[in-house]
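*Asks:* Here it is, the structure in full.
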Amino acid sequence: MARAKLIVGNWKMNGTAAELGEIAAMAAAGADLPAHVTLAICPPATLIDRARTVATGRLVIGAQDVHAAGHGAFTGSVSVAMLDDAGARLVIVGHSERRADHHETDADVRAKAEAVLEGGMTAIVCVGETAAERDAGTTLTVINAQLDGSLPGSVTGLAVAYEPVWAIGSGLTPTLQQVGGVHAAIRTNLVARYGDAGEAVAILYGGSVKPGNAVEILAIDNVDGALVGGASLTAAEFLGIVRAA
Ligand code: PGA
């Protein structure tokens with residue numbers, strides 16, 4: 001089944017007004033992309049509103065995290081409605097840095113994903129094994145457990161990102177065969193869970209995607225896009241990856 005390609009940049013805790021020109025440059029180049037490619041950038045929450053104003057055309061602005069509740073006494077958090085109000089149209093949930101640094105559980109991630117989908121936005125649910133889990137031969141067990149615990153009940157607007165923890169920011173990537181194997185297993189899980197609708201869910205690969213490896217990664221069966229950290233910070237590098245799609 002042919003699927004569109006979704007290329008998402010995650011700026012993490014990087015970017016101030018000085019970097020808005022990078023987003024403007026991405027938006028300008030994005031206008032010429034073929035229709036099957038969707039380009040998105042997730043700046044820090046403080047920049048979403050201003051990013052939206054420079055993101056003309058088809059560049060989607062997203063967020064890196066959200067609180068599952070609609071409002072209330074949650075100091076420092078933002079809700080789906082707030083992100084929507086600021087101009088975000090997709091939200092990354094359950095990134096391994098949130099799971100590790102902020103002790104987010106699968107149940108937390110699922111609640112966030114449910115809130116994002118209920119808000120009419122796209123939710124990118126992240127899963128991925130650690131180096132120790134891969135070495136122990138438990139990669140697929142870990143991934144399936146994360147999917148079973150983190151995926152929402154409804155499927156409209158859902159995307160999944162496979163991000164091996166050891167590949168993030170390390171310059172290391174799994175072999176193409178390993179990526180293909182995990183993505184096929186994720187597809188099987190999605191179809192078992194959602195039926196035919198599971199075939200249409202985008203499965204992104206993330207972890208040290210660069211312009212130099214994007215073509216071969218994006219050509220793998222069931223790799224429907226990429227979640228890009230470091231290489232999404234400049235328009236020049238990010239657009240190199242986008243061109244691979
Ligand atoms: P990286 O990060 O591209 O810098 O490895 C990917 C991610 O954390 O989403």
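Going by the structure tokens order, chains are called A, B, ..., each with residues numbered from 1, while ligands are numbered from 1 in the order shown.
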Taking only C-alpha atoms and all ligand atoms into account, produce a table as JSON lines in which each residue of chain A with an atom at most 7 Å from an atom of ligand 1 appears once, together with its shortest atom pair and the distance in Å to one decimal, ordered by chain and rising number.
*Replies:*
```
{"residue": "A:Asn10", "atom": "CA", "partner": "ligand 1", "partner_atom_place_in_ligand_line": "9 (O)", "distance": 5.8}
{"residue": "A:Glu163", "atom": "CA", "partner": "ligand 1", "partner_atom_place_in_ligand_line": "9 (O)", "distance": 6.9}
{"residue": "A:Ala167", "atom": "CA", "partner": "ligand 1", "partner_atom_place_in_ligand_line": "5 (O)", "distance": 6.0}
{"residue": "A:Ile168", "atom": "CA", "partner": "ligand 1", "partner_atom_place_in_ligand_line": "5 (O)", "distance": 3.4}
{"residue": "A:Gly169", "atom": "CA", "partner": "ligand 1", "partner_atom_place_in_ligand_line": "5 (O)", "distance": 3.6}
{"residue": "A:Ser170", "atom": "CA", "partner": "ligand 1", "partner_atom_place_in_ligand_line": "5 (O)", "distance": 6.3}
{"residue": "A:Gly171", "atom": "CA", "partner": "ligand 1", "partner_atom_place_in_ligand_line": "5 (O)", "distance": 6.8}
{"residue": "A:Gly206", "atom": "CA", "partner": "ligand 1", "partner_atom_place_in_ligand_line": "6 (C)", "distance": 5.1}
{"residue": "A:Gly207", "atom": "CA", "partner": "ligand 1", "partner_atom_place_in_ligand_line": "5 (O)", "distance": 3.8}
{"residue": "A:Ser208", "atom": "CA", "partner": "ligand 1", "partner_atom_place_in_ligand_line": "5 (O)", "distance": 3.6}
{"residue": "A:Val209", "atom": "CA", "partner": "ligand 1", "partner_atom_place_in_ligand_line": "3 (O)", "distance": 5.2}
{"residue": "A:Leu227", "atom": "CA", "partner": "ligand 1", "partner_atom_place_in_ligand_line": "9 (O)", "distance": 5.1}
{"residue": "A:Val228", "atom": "CA", "partner": "ligand 1", "partner_atom_place_in_ligand_line": "3 (O)", "distance": 4.1}
{"residue": "A:Gly229", "atom": "CA", "partner": "ligand 1", "partner_atom_place_in_ligand_line": "3 (O)", "distance": 3.4}
{"residue": "A:Gly230", "atom": "CA", "partner": "ligand 1", "partner_atom_place_in_ligand_line": "4 (O)", "distance": 3.8}
{"residue": "A:Ala231", "atom": "CA", "partner": "ligand 1", "partner_atom_place_in_ligand_line": "3 (O)", "distance": 6.0}
```
*Asks:* Which residues are near region 75-88 of chain A? Cut-off 7 Å, only C-alpha atoms, ignore same chain within fewer than 4 positions. Put them as an NGL selection string.
*Replies:* :A and (48-49 or 52 or 61-63 or 66-71 or 115-116 or 119)
*Asks:* Once you have the residues from the selection above, write them out as a tab-separated table (two decimals), in the first residue's frame, restricted to N, CA, C and O atoms.
*Replies:*
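Dumped everything to selection_5.tsv:
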```
chain	number	residue	atom	x	y	z
A	48	ILE	N	5.75	28.46	19.06
A	48	ILE	CA	4.71	27.93	18.18
A	48	ILE	C	3.92	29.05	17.51
A	48	ILE	O	3.72	29.06	16.29
A	49	ASP	N	3.49	30.00	18.31
A	49	ASP	CA	2.64	31.07	17.77
A	49	ASP	C	3.38	31.87	16.70
A	49	ASP	O	2.84	32.15	15.62
A	52	ARG	N	4.02	29.84	13.53
A	52	ARG	CA	2.81	29.77	12.70
A	52	ARG	C	2.73	30.97	11.75
A	52	ARG	O	2.34	30.84	10.59
A	61	ILE	N	2.95	23.25	11.76
A	61	ILE	CA	3.64	23.51	13.02
A	61	ILE	C	3.07	22.56	14.08
A	61	ILE	O	1.86	22.36	14.19
A	62	GLY	N	3.97	21.95	14.84
A	62	GLY	CA	3.55	21.00	15.86
A	62	GLY	C	4.18	21.32	17.21
A	62	GLY	O	4.96	22.26	17.35
A	63	ALA	N	3.83	20.50	18.20
A	63	ALA	CA	4.34	20.65	19.56
A	63	ALA	C	5.05	19.36	19.97
A	63	ALA	O	4.83	18.30	19.40
A	66	VAL	N	2.39	17.59	25.53
A	66	VAL	CA	1.15	18.25	25.95
A	66	VAL	C	0.72	17.61	27.27
A	66	VAL	O	1.15	16.49	27.59
A	67	HIS	N	-0.12	18.29	28.02
A	67	HIS	CA	-0.75	17.68	29.20
A	67	HIS	C	-2.05	17.03	28.75
A	67	HIS	O	-2.73	17.55	27.85
A	68	ALA	N	-2.40	15.92	29.37
A	68	ALA	CA	-3.62	15.21	28.96
A	68	ALA	C	-4.89	15.92	29.40
A	68	ALA	O	-5.95	15.75	28.78
A	69	ALA	N	-4.80	16.73	30.45
A	69	ALA	CA	-6.01	17.40	30.96
A	69	ALA	C	-6.32	18.65	30.13
A	69	ALA	O	-5.44	19.21	29.48
A	70	GLY	N	-7.57	19.08	30.19
A	70	GLY	CA	-7.99	20.24	29.41
A	70	GLY	C	-7.53	21.56	30.01
A	70	GLY	O	-7.24	22.51	29.31
A	71	HIS	N	-7.52	21.63	31.35
A	71	HIS	CA	-7.08	22.85	32.04
A	71	HIS	C	-6.94	22.49	33.52
A	71	HIS	O	-7.30	21.39	33.93
A	115	ALA	N	-6.08	12.71	24.22
A	115	ALA	CA	-6.45	14.13	24.30
A	115	ALA	C	-6.14	14.83	22.97
A	115	ALA	O	-6.93	15.65	22.50
A	116	VAL	N	-5.02	14.50	22.37
A	116	VAL	CA	-4.64	15.13	21.10
A	116	VAL	C	-5.65	14.76	20.01
A	116	VAL	O	-6.13	15.63	19.27
A	119	GLY	N	-8.88	16.41	20.35
A	119	GLY	CA	-8.77	17.81	19.96
A	119	GLY	C	-8.68	18.00	18.46
A	119	GLY	O	-8.49	19.13	17.99
```
*Asks:* Nearest residue to Trp11 (chain A) out of A:Leu233, A:Leu239, A:Ala100, A:Val165, using only C-alpha atoms?
*Replies:*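 Of all the options, A:Leu233 lies closest to Trp11 (chain A).
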*Asks:* Could you pull out the strand (DSSP E or B) residues of region 86-198 of chain A from DSSP and send them as a VMD selection string?
*Replies:* chain A and resid 90 to 93 122 to 127 158 to 162
*Asks:* For the residues in the current selection, export N, CA, C and O atoms as a CSV table (one decimal), in the first residue's frame.
*Replies:*
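To be explicit, this is the file written out as again.csv:
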```csv
chain,number,residue,atom,x,y,z
A,90,LEU,N,-0.1,19.3,15.2
A,90,LEU,CA,0.2,17.9,15.6
A,90,LEU,C,1.0,18.0,16.9
A,90,LEU,O,1.6,19.0,17.2
A,91,VAL,N,1.1,16.9,17.6
A,91,VAL,CA,1.8,16.8,18.9
A,91,VAL,C,2.6,15.5,19.0
A,91,VAL,O,2.0,14.4,18.7
A,92,ILE,N,3.8,15.6,19.3
A,92,ILE,CA,4.6,14.4,19.6
A,92,ILE,C,4.3,14.0,21.0
A,92,ILE,O,4.3,14.8,21.9
A,93,VAL,N,4.0,12.7,21.3
A,93,VAL,CA,3.8,12.3,22.7
A,93,VAL,C,4.6,11.0,22.9
A,93,VAL,O,4.9,10.2,22.0
A,122,THR,N,-3.2,15.7,15.0
A,122,THR,CA,-2.4,14.5,14.8
A,122,THR,C,-1.6,14.2,16.0
A,122,THR,O,-0.9,15.1,16.5
A,123,ALA,N,-1.5,13.0,16.5
A,123,ALA,CA,-0.7,12.6,17.6
A,123,ALA,C,0.4,11.6,17.1
A,123,ALA,O,0.1,10.6,16.4
A,124,ILE,N,1.7,11.9,17.3
A,124,ILE,CA,2.8,11.0,17.0
A,124,ILE,C,3.2,10.3,18.2
A,124,ILE,O,3.8,10.9,19.1
A,125,VAL,N,2.9,9.0,18.4
A,125,VAL,CA,3.2,8.2,19.6
A,125,VAL,C,4.6,7.6,19.3
A,125,VAL,O,4.8,6.8,18.4
A,126,CYS,N,5.5,7.9,20.2
A,126,CYS,CA,6.9,7.4,20.0
A,126,CYS,C,7.1,6.1,20.9
A,126,CYS,O,6.7,6.0,22.0
A,127,VAL,N,7.8,5.2,20.3
A,127,VAL,CA,8.2,3.9,21.0
A,127,VAL,C,9.7,3.6,20.5
A,127,VAL,O,10.2,4.1,19.5
A,158,LEU,N,-3.8,9.4,14.0
A,158,LEU,CA,-2.7,8.7,14.7
A,158,LEU,C,-1.5,8.5,13.8
A,158,LEU,O,-1.7,8.1,12.6
A,159,ALA,N,-0.3,8.7,14.3
A,159,ALA,CA,0.9,8.3,13.7
A,159,ALA,C,1.8,7.7,14.8
A,159,ALA,O,1.6,8.0,15.9
A,160,VAL,N,2.7,6.8,14.4
A,160,VAL,CA,3.6,6.2,15.3
A,160,VAL,C,5.1,6.5,14.9
A,160,VAL,O,5.3,6.6,13.7
A,161,ALA,N,6.0,6.7,15.8
A,161,ALA,CA,7.4,6.9,15.5
A,161,ALA,C,8.2,5.8,16.2
A,161,ALA,O,8.1,5.7,17.4
A,162,TYR,N,9.0,5.1,15.4
A,162,TYR,CA,9.9,4.1,16.0
A,162,TYR,C,11.2,4.8,16.1
A,162,TYR,O,11.9,5.2,15.1
```
*Asks:* For Ala25 (chain A), which residue among A:Asn144, A:Thr46, A:Thr38, A:Thr56 is the nearest when counting only C-alpha atoms?
*Replies:*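 Ranking A:Asn144, A:Thr46, A:Thr38, A:Thr56 by distance to Ala25 (chain A), first place goes to A:Thr56.
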*Asks:* Please determine, counting only C-alpha atoms, which residue among A:His103, A:Arg58, A:His95, A:Arg134 has the shortest atom-to-atom distance to Ala29 (chain A).
*Replies:*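 When distances to Ala29 (chain A) are compared using only C-alpha atoms, the smallest one comes from A:Arg58.
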*Asks:* Mind listing the helix (DSSP H, G or I) residues of region 23-243 of chain A, per DSSP on the backbone, as a count of residues only?
*Replies:* 109
